[in-house]
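> See work.tsv below, with TSV, N, CA and C atoms.
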```
chain	number	residue	atom	x	y	z
A	1	MET	N	-1.57	-1.09	13.17
A	1	MET	CA	-2.73	-0.74	12.38
A	1	MET	C	-2.28	-0.40	10.96
A	2	ILE	N	-3.19	-0.63	10.04
A	2	ILE	CA	-2.92	-0.38	8.63
A	2	ILE	C	-4.03	0.49	8.08
A	3	LYS	N	-3.66	1.46	7.26
A	3	LYS	CA	-4.61	2.36	6.61
A	3	LYS	C	-4.84	1.88	5.18
A	4	ILE	N	-6.10	1.86	4.75
A	4	ILE	CA	-6.44	1.53	3.37
A	4	ILE	C	-7.41	2.59	2.86
A	5	LYS	N	-7.06	3.17	1.71
A	5	LYS	CA	-7.92	4.17	1.09
A	5	LYS	C	-8.09	3.83	-0.38
A	6	LEU	N	-9.34	3.89	-0.84
A	6	LEU	CA	-9.65	3.61	-2.24
A	6	LEU	C	-9.84	4.92	-2.99
A	7	HIS	N	-9.22	5.00	-4.16
A	7	HIS	CA	-9.38	6.13	-5.06
A	7	HIS	C	-10.01	5.58	-6.33
A	8	LYS	N	-11.28	5.94	-6.57
A	8	LYS	CA	-12.03	5.35	-7.68
A	8	LYS	C	-12.15	6.33	-8.84
A	9	SER	N	-12.01	5.80	-10.05
A	9	SER	CA	-12.31	6.54	-11.27
A	9	SER	C	-13.29	5.69	-12.07
A	10	MET	N	-13.63	6.13	-13.26
A	10	MET	CA	-14.59	5.37	-14.06
A	10	MET	C	-14.08	3.98	-14.44
A	11	HIS	N	-12.77	3.87	-14.64
A	11	HIS	CA	-12.22	2.63	-15.18
A	11	HIS	C	-11.28	1.88	-14.24
A	12	ASN	N	-10.94	2.46	-13.12
A	12	ASN	CA	-9.93	1.83	-12.28
A	12	ASN	C	-10.12	2.20	-10.82
A	13	VAL	N	-9.54	1.39	-9.96
A	13	VAL	CA	-9.48	1.69	-8.53
A	13	VAL	C	-8.01	1.64	-8.13
A	14	VAL	N	-7.55	2.70	-7.49
A	14	VAL	CA	-6.21	2.71	-6.93
A	14	VAL	C	-6.37	2.50	-5.43
A	15	VAL	N	-5.68	1.50	-4.91
A	15	VAL	CA	-5.76	1.16	-3.49
A	15	VAL	C	-4.46	1.61	-2.82
A	16	ALA	N	-4.58	2.56	-1.92
A	16	ALA	CA	-3.42	3.05	-1.16
A	16	ALA	C	-3.42	2.35	0.19
A	17	ILE	N	-2.31	1.68	0.51
A	17	ILE	CA	-2.20	0.92	1.76
A	17	ILE	C	-0.91	1.33	2.45
A	18	ALA	N	-1.00	1.65	3.73
A	18	ALA	CA	0.20	2.06	4.46
A	18	ALA	C	0.11	1.67	5.93
A	19	ASP	N	1.26	1.38	6.52
A	19	ASP	CA	1.33	1.23	7.97
A	19	ASP	C	0.91	2.58	8.57
A	20	ALA	N	-0.01	2.57	9.51
A	20	ALA	CA	-0.63	3.80	10.02
A	20	ALA	C	0.38	4.81	10.55
A	21	GLU	N	1.44	4.35	11.19
A	21	GLU	CA	2.39	5.29	11.80
A	21	GLU	C	3.24	6.03	10.77
A	22	LEU	N	3.16	5.64	9.50
A	22	LEU	CA	3.95	6.31	8.46
A	22	LEU	C	3.22	7.50	7.83
A	23	ILE	N	1.92	7.63	8.09
A	23	ILE	CA	1.14	8.72	7.50
A	23	ILE	C	1.74	10.07	7.91
A	24	GLY	N	1.95	10.91	6.89
A	24	GLY	CA	2.49	12.25	7.13
A	24	GLY	C	4.00	12.32	7.13
A	25	LYS	N	4.67	11.21	6.93
A	25	LYS	CA	6.14	11.19	6.95
A	25	LYS	C	6.70	11.16	5.53
A	26	LYS	N	7.98	11.54	5.44
A	26	LYS	CA	8.68	11.60	4.16
A	26	LYS	C	9.98	10.83	4.28
A	27	PHE	N	10.30	10.05	3.24
A	27	PHE	CA	11.51	9.23	3.24
A	27	PHE	C	12.27	9.48	1.95
A	28	GLU	N	13.60	9.42	2.04
A	28	GLU	CA	14.42	9.74	0.88
A	28	GLU	C	15.65	8.86	0.79
A	29	THR	N	16.10	8.69	-0.44
A	29	THR	CA	17.43	8.17	-0.73
A	29	THR	C	18.08	9.23	-1.62
A	30	GLU	N	19.23	8.94	-2.14
A	30	GLU	CA	19.87	9.90	-3.03
A	30	GLU	C	19.01	10.22	-4.24
A	31	LYS	N	18.35	9.20	-4.78
A	31	LYS	CA	17.61	9.38	-6.03
A	31	LYS	C	16.10	9.30	-5.91
A	32	LEU	N	15.59	8.82	-4.78
A	32	LEU	CA	14.16	8.61	-4.64
A	32	LEU	C	13.60	9.31	-3.42
A	33	GLN	N	12.33	9.67	-3.53
A	33	GLN	CA	11.64	10.32	-2.42
A	33	GLN	C	10.24	9.71	-2.30
A	34	LEU	N	9.81	9.45	-1.10
A	34	LEU	CA	8.48	8.89	-0.84
A	34	LEU	C	7.82	9.73	0.24
A	35	GLU	N	6.69	10.33	-0.10
A	35	GLU	CA	5.92	11.08	0.88
A	35	GLU	C	4.62	10.32	1.14
A	36	VAL	N	4.43	9.89	2.36
A	36	VAL	CA	3.23	9.13	2.72
A	36	VAL	C	2.17	10.16	3.12
A	37	ASN	N	1.66	10.79	2.10
A	37	ASN	CA	0.75	11.92	2.22
A	37	ASN	C	-0.61	11.49	2.76
A	38	SER	N	-1.13	12.23	3.72
A	38	SER	CA	-2.42	11.86	4.33
A	38	SER	C	-3.57	11.95	3.34
A	39	ILE	N	-3.50	12.84	2.37
A	39	ILE	CA	-4.57	12.97	1.38
A	39	ILE	C	-4.69	11.67	0.57
A	40	PHE	N	-3.57	11.04	0.27
A	40	PHE	CA	-3.58	9.83	-0.54
A	40	PHE	C	-3.75	8.56	0.29
A	41	TYR	N	-3.06	8.47	1.42
A	41	TYR	CA	-3.00	7.21	2.18
A	41	TYR	C	-3.94	7.12	3.39
A	42	ASP	N	-4.37	8.24	3.95
A	42	ASP	CA	-5.10	8.20	5.23
A	42	ASP	C	-6.56	7.85	5.03
A	43	GLY	N	-6.83	6.56	5.00
A	43	GLY	CA	-8.19	6.06	4.83
A	43	GLY	C	-8.67	5.33	6.07
A	44	GLU	N	-9.33	4.23	5.84
A	44	GLU	CA	-9.89	3.41	6.92
A	44	GLU	C	-8.75	2.79	7.74
A	45	THR	N	-8.86	2.88	9.06
A	45	THR	CA	-7.87	2.29	9.96
A	45	THR	C	-8.33	0.88	10.32
A	46	LEU	N	-7.46	-0.10	10.01
A	46	LEU	CA	-7.82	-1.50	10.20
A	46	LEU	C	-6.75	-2.25	10.98
A	47	THR	N	-7.16	-3.28	11.69
A	47	THR	CA	-6.19	-4.20	12.28
A	47	THR	C	-5.56	-4.98	11.12
A	48	GLU	N	-4.49	-5.71	11.39
A	48	GLU	CA	-3.88	-6.50	10.33
A	48	GLU	C	-4.84	-7.56	9.80
A	49	ALA	N	-5.62	-8.18	10.68
A	49	ALA	CA	-6.60	-9.19	10.24
A	49	ALA	C	-7.68	-8.57	9.36
A	50	GLN	N	-8.17	-7.40	9.73
A	50	GLN	CA	-9.17	-6.71	8.92
A	50	GLN	C	-8.59	-6.29	7.57
A	51	ALA	N	-7.35	-5.77	7.61
A	51	ALA	CA	-6.69	-5.35	6.38
A	51	ALA	C	-6.50	-6.55	5.45
A	52	GLU	N	-6.13	-7.69	6.01
A	52	GLU	CA	-5.94	-8.89	5.20
A	52	GLU	C	-7.24	-9.28	4.49
A	53	GLU	N	-8.36	-9.24	5.20
A	53	GLU	CA	-9.65	-9.58	4.59
A	53	GLU	C	-10.01	-8.60	3.48
A	54	LYS	N	-9.82	-7.32	3.74
A	54	LYS	CA	-10.14	-6.30	2.74
A	54	LYS	C	-9.25	-6.45	1.51
A	55	MET	N	-7.96	-6.70	1.72
A	55	MET	CA	-7.02	-6.86	0.62
A	55	MET	C	-7.37	-8.11	-0.21
A	56	LYS	N	-7.81	-9.17	0.45
A	56	LYS	CA	-8.24	-10.39	-0.27
A	56	LYS	C	-9.38	-10.06	-1.22
A	57	GLN	N	-10.33	-9.29	-0.74
A	57	GLN	CA	-11.48	-8.90	-1.57
A	57	GLN	C	-11.03	-8.02	-2.74
A	58	LEU	N	-10.17	-7.05	-2.45
A	58	LEU	CA	-9.75	-6.10	-3.48
A	58	LEU	C	-8.89	-6.74	-4.56
A	59	LYS	N	-8.10	-7.73	-4.20
A	59	LYS	CA	-7.21	-8.34	-5.20
A	59	LYS	C	-7.98	-9.10	-6.27
A	60	GLU	N	-9.26	-9.40	-6.01
A	60	GLU	CA	-10.10	-10.09	-6.99
A	60	GLU	C	-10.66	-9.13	-8.04
A	61	ARG	N	-10.51	-7.84	-7.81
A	61	ARG	CA	-10.99	-6.83	-8.75
A	61	ARG	C	-9.82	-6.22	-9.50
A	62	PRO	N	-10.10	-5.60	-10.66
A	62	PRO	CA	-9.01	-4.88	-11.33
A	62	PRO	C	-8.66	-3.64	-10.52
A	63	CYS	N	-7.49	-3.66	-9.91
A	63	CYS	CA	-7.04	-2.56	-9.05
A	63	CYS	C	-5.55	-2.33	-9.26
A	64	SER	N	-5.15	-1.12	-8.93
A	64	SER	CA	-3.73	-0.82	-8.80
A	64	SER	C	-3.47	-0.63	-7.32
A	65	PHE	N	-2.38	-1.19	-6.83
A	65	PHE	CA	-2.04	-1.09	-5.42
A	65	PHE	C	-0.77	-0.27	-5.24
A	66	ASN	N	-0.80	0.63	-4.28
A	66	ASN	CA	0.36	1.42	-3.88
A	66	ASN	C	0.54	1.13	-2.39
A	67	ILE	N	1.62	0.42	-2.04
A	67	ILE	CA	1.75	-0.16	-0.69
A	67	ILE	C	3.04	0.33	-0.03
A	68	VAL	N	2.91	0.80	1.22
A	68	VAL	CA	4.05	1.35	1.95
A	68	VAL	C	4.07	0.80	3.37
A	69	GLY	N	5.26	0.40	3.82
A	69	GLY	CA	5.44	-0.02	5.21
A	69	GLY	C	5.67	-1.51	5.35
A	70	GLU	N	6.36	-1.86	6.39
A	70	GLU	CA	6.76	-3.25	6.62
A	70	GLU	C	5.55	-4.18	6.71
A	71	ARG	N	4.57	-3.85	7.56
A	71	ARG	CA	3.42	-4.73	7.75
A	71	ARG	C	2.54	-4.80	6.50
A	72	ALA	N	2.28	-3.65	5.90
A	72	ALA	CA	1.43	-3.62	4.70
A	72	ALA	C	2.07	-4.40	3.56
A	73	VAL	N	3.36	-4.22	3.35
A	73	VAL	CA	4.06	-4.93	2.27
A	73	VAL	C	4.09	-6.43	2.55
A	74	GLN	N	4.36	-6.83	3.78
A	74	GLN	CA	4.39	-8.26	4.11
A	74	GLN	C	3.02	-8.92	3.89
A	75	LEU	N	1.95	-8.21	4.23
A	75	LEU	CA	0.61	-8.73	3.98
A	75	LEU	C	0.36	-8.90	2.48
A	76	ALA	N	0.78	-7.92	1.70
A	76	ALA	CA	0.60	-7.98	0.24
A	76	ALA	C	1.40	-9.14	-0.37
A	77	ILE	N	2.58	-9.41	0.17
A	77	ILE	CA	3.38	-10.55	-0.29
A	77	ILE	C	2.66	-11.85	0.07
A	78	LYS	N	2.19	-11.95	1.30
A	78	LYS	CA	1.48	-13.14	1.78
A	78	LYS	C	0.26	-13.44	0.90
A	79	LEU	N	-0.45	-12.39	0.46
A	79	LEU	CA	-1.66	-12.55	-0.34
A	79	LEU	C	-1.37	-12.63	-1.84
A	80	LYS	N	-0.08	-12.58	-2.18
A	80	LYS	CA	0.36	-12.66	-3.58
A	80	LYS	C	-0.15	-11.50	-4.43
A	81	ILE	N	-0.31	-10.35	-3.80
A	81	ILE	CA	-0.63	-9.13	-4.52
A	81	ILE	C	0.63	-8.59	-5.18
A	82	ILE	N	1.75	-8.74	-4.47
A	82	ILE	CA	3.05	-8.34	-4.99
A	82	ILE	C	4.04	-9.48	-4.78
A	83	ASP	N	5.12	-9.42	-5.51
A	83	ASP	CA	6.21	-10.38	-5.37
A	83	ASP	C	7.32	-9.69	-4.57
A	84	GLU	N	7.92	-10.41	-3.66
A	84	GLU	CA	8.95	-9.84	-2.79
A	84	GLU	C	10.08	-9.17	-3.57
A	85	GLN	N	10.42	-9.70	-4.73
A	85	GLN	CA	11.53	-9.12	-5.49
A	85	GLN	C	11.17	-7.80	-6.16
A	86	ASN	N	9.90	-7.40	-6.10
A	86	ASN	CA	9.47	-6.11	-6.65
A	86	ASN	C	9.34	-5.03	-5.59
A	87	VAL	N	9.78	-5.31	-4.38
A	87	VAL	CA	9.74	-4.34	-3.29
A	87	VAL	C	11.04	-3.55	-3.28
A	88	ILE	N	10.91	-2.24	-3.19
A	88	ILE	CA	12.09	-1.39	-3.04
A	88	ILE	C	12.03	-0.77	-1.65
A	89	LYS	N	13.17	-0.27	-1.20
A	89	LYS	CA	13.20	0.45	0.08
A	89	LYS	C	13.63	1.88	-0.20
A	90	ILE	N	12.86	2.80	0.34
A	90	ILE	CA	13.17	4.22	0.23
A	90	ILE	C	13.34	4.72	1.65
A	91	GLY	N	14.54	5.15	1.97
A	91	GLY	CA	14.82	5.58	3.34
A	91	GLY	C	14.56	4.48	4.35
A	92	GLY	N	14.78	3.23	3.93
A	92	GLY	CA	14.58	2.08	4.81
A	92	GLY	C	13.15	1.58	4.89
A	93	VAL	N	12.23	2.22	4.19
A	93	VAL	CA	10.81	1.85	4.25
A	93	VAL	C	10.43	1.07	2.98
A	94	PRO	N	9.87	-0.13	3.13
A	94	PRO	CA	9.45	-0.91	1.97
A	94	PRO	C	8.31	-0.24	1.21
A	95	HIS	N	8.39	-0.32	-0.12
A	95	HIS	CA	7.36	0.27	-1.00
A	95	HIS	C	7.22	-0.63	-2.22
A	96	ALA	N	5.97	-0.83	-2.66
A	96	ALA	CA	5.72	-1.63	-3.85
A	96	ALA	C	4.47	-1.16	-4.57
A	97	LEU	N	4.47	-1.39	-5.86
A	97	LEU	CA	3.31	-1.07	-6.70
A	97	LEU	C	2.88	-2.35	-7.41
A	98	SER	N	1.59	-2.47	-7.63
A	98	SER	CA	1.05	-3.60	-8.36
A	98	SER	C	-0.10	-3.10	-9.23
A	99	PHE	N	-0.14	-3.57	-10.48
A	99	PHE	CA	-1.17	-3.15	-11.41
A	99	PHE	C	-1.87	-4.36	-11.97
A	100	SER	N	-3.17	-4.31	-12.05
A	100	SER	CA	-3.93	-5.38	-12.70
A	100	SER	C	-4.97	-4.75	-13.61
A	101	ILE	N	-5.35	-5.54	-14.60
A	101	ILE	CA	-6.36	-5.04	-15.53
A	101	ILE	C	-7.48	-6.05	-15.66
```
Kindly transcribe the structure held in the file into structure tokens.


Amino acid sequence: MIKIKLHKSMHNVVVAIADAELIGKKFETEKLQLEVNSIFYDGETLTEAQAEEKMKQLKERPCSFNIVGERAVQLAIKLKIIDEQNVIKIGGVPHALSFSI
């Protein structure tokens, strides 16, 4: 399952996407830290097929994407929301950001 949560402001939408099992966990390297905070990431729970449809719709709008987890990142690569070479791993967990205007 994948979680998707929208954070809307007057001028932008930030889309938080995470593999559901990562919610509430923290990952670290020597220099980086990633907290998959429930306040930010814990939104609608979707199957991968549902998440793919929602992500297709969202990528057509000006959005910023914050994506965490193997399944979520792979879906974003498949949909060309992010490029594979822009994915980093923090504590072994894939993470990527994408911005559009």

> Give as an mmCIF file with N, CA and C atoms, in the frame of the given file every residue, naming chains and numbers as the document does, that has an atom within 6.5 Å of (-2.7, 7.4, -5.1), counting only N, CA and C atoms.


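Final file, result24.cif:
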```
data_model
loop_
_atom_site.group_PDB
_atom_site.id
_atom_site.type_symbol
_atom_site.label_atom_id
_atom_site.label_comp_id
_atom_site.auth_asym_id
_atom_site.auth_seq_id
_atom_site.Cartn_x
_atom_site.Cartn_y
_atom_site.Cartn_z
ATOM 1 N N VAL A 14 -7.550 2.700 -7.490
ATOM 2 C CA VAL A 14 -6.210 2.710 -6.930
ATOM 3 C C VAL A 14 -6.370 2.500 -5.430
ATOM 4 N N VAL A 15 -5.680 1.500 -4.910
ATOM 5 C CA VAL A 15 -5.760 1.160 -3.490
ATOM 6 C C VAL A 15 -4.460 1.610 -2.820
ATOM 7 N N ALA A 16 -4.580 2.560 -1.920
ATOM 8 C CA ALA A 16 -3.420 3.050 -1.160
ATOM 9 C C ALA A 16 -3.420 2.350 0.190
ATOM 10 N N PHE A 40 -3.570 11.040 0.270
ATOM 11 C CA PHE A 40 -3.580 9.830 -0.540
ATOM 12 C C PHE A 40 -3.750 8.560 0.290
#
```

> Per DSSP on the backbone, what are the strand (DSSP E or B) residues of chain A, as a PyMOL selection string?

chain A and resi 2-8+13-19+26-28+33-35+44-46+63-68+88-90+93-99

> Of the residues A:Thr47, A:Gln57, A:Asn66, A:Ser98, which is the one nearest to Ile2 in chain A, using only N, CA and C atoms?

A:Thr47

> Applying 12 Å and only C-alpha atoms, which residues near His11 in chain A remain after dropping the ones on its own chain fewer than 4 positions away? List them as number ranges by chain.

A: 7, 61-64, 100-101

> How would the residues just chosen look if you wrote them out with N, CA and C atoms as a PDB file, in the frame of the given file?


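So the final result, stored in part.pdb, reads:
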```pdb
ATOM      1  N   HIS A   7      -9.220   5.000  -4.160  1.00  0.00           N
ATOM      2  CA  HIS A   7      -9.380   6.130  -5.060  1.00  0.00           C
ATOM      3  C   HIS A   7     -10.010   5.580  -6.330  1.00  0.00           C
ATOM      4  N   ARG A  61     -10.510  -7.840  -7.810  1.00  0.00           N
ATOM      5  CA  ARG A  61     -10.990  -6.830  -8.750  1.00  0.00           C
ATOM      6  C   ARG A  61      -9.820  -6.220  -9.500  1.00  0.00           C
ATOM      7  N   PRO A  62     -10.100  -5.600 -10.660  1.00  0.00           N
ATOM      8  CA  PRO A  62      -9.010  -4.880 -11.330  1.00  0.00           C
ATOM      9  C   PRO A  62      -8.660  -3.640 -10.520  1.00  0.00           C
ATOM     10  N   CYS A  63      -7.490  -3.660  -9.910  1.00  0.00           N
ATOM     11  CA  CYS A  63      -7.040  -2.560  -9.050  1.00  0.00           C
ATOM     12  C   CYS A  63      -5.550  -2.330  -9.260  1.00  0.00           C
ATOM     13  N   SER A  64      -5.150  -1.120  -8.930  1.00  0.00           N
ATOM     14  CA  SER A  64      -3.730  -0.820  -8.800  1.00  0.00           C
ATOM     15  C   SER A  64      -3.470  -0.630  -7.320  1.00  0.00           C
ATOM     16  N   SER A 100      -3.170  -4.310 -12.050  1.00  0.00           N
ATOM     17  CA  SER A 100      -3.930  -5.380 -12.700  1.00  0.00           C
ATOM     18  C   SER A 100      -4.970  -4.750 -13.610  1.00  0.00           C
ATOM     19  N   ILE A 101      -5.350  -5.540 -14.600  1.00  0.00           N
ATOM     20  CA  ILE A 101      -6.360  -5.040 -15.530  1.00  0.00           C
ATOM     21  C   ILE A 101      -7.480  -6.050 -15.660  1.00  0.00           C
TER      22      ILE A 101
END
```

> Go through A:Leu79, A:Ile17, A:Ala72, A:Ile23 and flag the residue nearest Asn37 in chain A, using all atoms listed in the file for the distances.

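Of A:Leu79, A:Ile17, A:Ala72, A:Ile23, the one nearest Asn37 in chain A, counting all atoms listed in the file, is A:Ile23.
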
> Do you know which residues are at most 8 Å from Ile4 in chain A counting only C-alpha atoms, after dropping those on the same chain fewer than 5 positions away, and could you put them as a PyMOL selection string?

chain A and resi 15-18+41-46+51

> With only C-alpha atoms as the counted atoms, please give the residues lying no more than 10 Å from His95 in chain A, apart from itself and same-chain residues fewer than 4 positions off, as a list in words.

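My list of contacting residues is Ile17, Ala18, Leu34, Asn66, Ile67, Val68, Gly69, Glu70, Ala72, Val73, Asn86, Val87, Ile88, Lys89 and Ile90 of chain A.
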